[in-house]
Amino acid sequence: MTSNHQTDPANRARLRWRARRGLLENDLILTRFLDAYETSMSDEEVDALTLLLDLSDQDLMDLILARKEPEGSADLPHVHALLIKLRG
C-alpha cells in the first residue's frame with residue numbers, strides 16, 4: 001500500500017510546515033485553508049498545493065488574489081481548481 005496524504009501523518013505535517021510562509025498574508029490564508037480543508041483534501045489537491053508552495057511568496061500571493069493565473073508547470077487543471085477553493 002502506498003502512503004498518501006490522508007494516511008500518513010508525516011506527509012500532512014510536512015505539508016502544513018511548507019505552508020508556513022514569509023509573507024504574513026500568505027501564511028494566514030494557507031493556514032486557514034488547511035484548518036478548513038486539510039482532512040478532506042484529495043491527493044490531487046495536495047499535489048496542486050505542493051506545486052503552488054514551490055512558488056515565491058509574491059507569485060503565490062498574485063495567484064491567490066487573482067492578479068495572475070498559473071503559468072508553466074503550474075498551469076494544470078487541478079491547480080486552477082485548488083486556486084478557486086483558495087480564493088473562495
# chains A, B, ... in the order shown; residues from 1 in each chain; ligands from 1
>>> residues_around(residues="region 24-35 of chain A", least_positions_apart="6", cutoff="10 Å", atoms="only C-alpha atoms", output="list in words")
Arg12, Leu15, Arg16, Trp17, Arg18, Met41, Leu49, Leu53, Asp57, Gln58, Leu60, Met61, Ile64, Lys85, Leu86, Arg87 and Gly88 of chain A
>>> atom_distance(atom1="CA of Ser40 (chain A)", atom2="CA of Pro77 (chain A)")
18.8 Å
>>> residues_around(residues="Leu83 (chain A)", least_positions_apart="6", cutoff="10 Å", atoms="only C-alpha atoms", output="list in words")
Glu45, Ala48, Leu49, Leu52, Leu63, Ile64, Leu65, Ala66, Glu69, Pro70 and Pro77 of chain A
>>> atom_distance(atom1="CA of His78 (chain A)", atom2="CA of Ser56 (chain A)")
19.4 Å
>>> select_by_dssp(residues="chain A", states="helix (DSSP H, G or I)", output="VMD selection string")
chain A and resid 9 to 18 24 to 40 43 to 53 57 to 64 72 to 74 77 to 87
>>> atom_distance(atom1="CA of Asp43 (chain A)", atom2="CA of Asn11 (chain A)")
10.8 Å
>>> decode(residues="region 3-88 of chain A", atoms="C-alpha atoms", output="short mmCIF file (atom, residue, chain, number, x, y, z; two decimals), in the first residue's frame")
data_model
loop_
_atom_site.label_atom_id
_atom_site.label_comp_id
_atom_site.auth_asym_id
_atom_site.auth_seq_id
_atom_site.Cartn_x
_atom_site.Cartn_y
_atom_site.Cartn_z
CA SER A 3 1.46 6.14 1.60
CA ASN A 4 -0.65 9.14 0.69
CA HIS A 5 -1.52 12.43 2.28
CA GLN A 6 -4.51 11.19 4.24
CA THR A 7 -2.94 8.01 5.60
CA ASP A 8 0.47 9.39 6.53
CA PRO A 9 0.59 11.91 9.39
CA ALA A 10 4.18 12.78 8.45
CA ASN A 11 3.06 13.85 4.95
CA ARG A 12 0.34 16.01 6.47
CA ALA A 13 2.78 17.61 8.91
CA ARG A 14 5.25 18.31 6.08
CA LEU A 15 2.56 19.98 4.00
CA ARG A 16 1.50 22.19 6.91
CA TRP A 17 5.14 23.11 7.60
CA ARG A 18 5.74 24.03 3.94
CA ALA A 19 2.62 26.20 4.00
CA ARG A 20 4.28 28.49 6.55
CA ARG A 21 5.37 31.48 4.51
CA GLY A 22 7.48 34.57 4.98
CA LEU A 23 4.69 36.79 3.72
CA LEU A 24 2.16 37.02 6.57
CA GLU A 25 -0.84 37.28 4.26
CA ASN A 26 0.08 34.00 2.53
CA ASP A 27 0.71 32.36 5.88
CA LEU A 28 -2.72 33.37 7.19
CA ILE A 29 -4.56 32.35 4.02
CA LEU A 30 -2.85 28.97 3.78
CA THR A 31 -3.21 28.21 7.49
CA ARG A 32 -6.93 28.98 7.41
CA PHE A 33 -7.32 26.94 4.24
CA LEU A 34 -5.58 23.93 5.78
CA ASP A 35 -7.56 24.29 9.00
CA ALA A 36 -10.75 24.05 6.96
CA TYR A 37 -9.83 21.51 4.28
CA GLU A 38 -6.71 19.53 5.22
CA THR A 39 -8.50 16.39 6.36
CA SER A 40 -10.65 16.24 3.24
CA MET A 41 -8.03 17.14 0.62
CA SER A 42 -7.50 14.62 -2.15
CA ASP A 43 -4.02 13.62 -3.23
CA GLU A 44 -4.60 15.64 -6.41
CA GLU A 45 -5.33 18.74 -4.31
CA VAL A 46 -2.24 18.09 -2.21
CA ASP A 47 -0.20 17.83 -5.40
CA ALA A 48 -1.65 21.15 -6.60
CA LEU A 49 -0.87 22.84 -3.29
CA THR A 50 2.66 21.43 -3.37
CA LEU A 51 3.18 22.97 -6.81
CA LEU A 52 1.92 26.32 -5.52
CA LEU A 53 4.18 26.13 -2.47
CA ASP A 54 7.18 25.86 -4.80
CA LEU A 55 6.48 29.43 -5.96
CA SER A 56 7.87 32.58 -4.40
CA ASP A 57 5.69 34.34 -1.82
CA GLN A 58 4.87 37.19 -4.20
CA ASP A 59 3.96 34.88 -7.09
CA LEU A 60 1.77 32.84 -4.76
CA MET A 61 0.03 35.97 -3.46
CA ASP A 62 -0.60 37.15 -7.04
CA LEU A 63 -2.26 33.81 -7.83
CA ILE A 64 -4.37 33.76 -4.66
CA LEU A 65 -5.56 37.32 -5.28
CA ALA A 66 -6.26 36.50 -8.96
CA ARG A 67 -3.84 39.16 -10.17
CA LYS A 68 -2.43 36.50 -12.45
CA GLU A 69 -3.07 32.89 -13.43
CA PRO A 70 -0.74 29.87 -13.21
CA GLU A 71 1.92 29.52 -15.89
CA GLY A 72 4.34 26.84 -16.99
CA SER A 73 4.44 23.69 -14.88
CA ALA A 74 1.73 25.07 -12.56
CA ASP A 75 -0.76 25.66 -15.41
CA LEU A 76 -2.72 22.47 -14.73
CA PRO A 77 -6.45 21.86 -14.23
CA HIS A 78 -6.07 20.66 -10.64
CA VAL A 79 -4.00 23.76 -9.76
CA HIS A 80 -6.71 26.01 -11.20
CA ALA A 81 -9.35 24.07 -9.22
CA LEU A 82 -7.40 24.47 -5.99
CA LEU A 83 -6.95 28.18 -6.61
CA ILE A 84 -10.71 28.54 -6.90
CA LYS A 85 -11.02 26.96 -3.43
CA LEU A 86 -8.23 29.14 -2.04
CA ARG A 87 -9.82 32.27 -3.44
CA GLY A 88 -13.16 31.09 -2.01
#
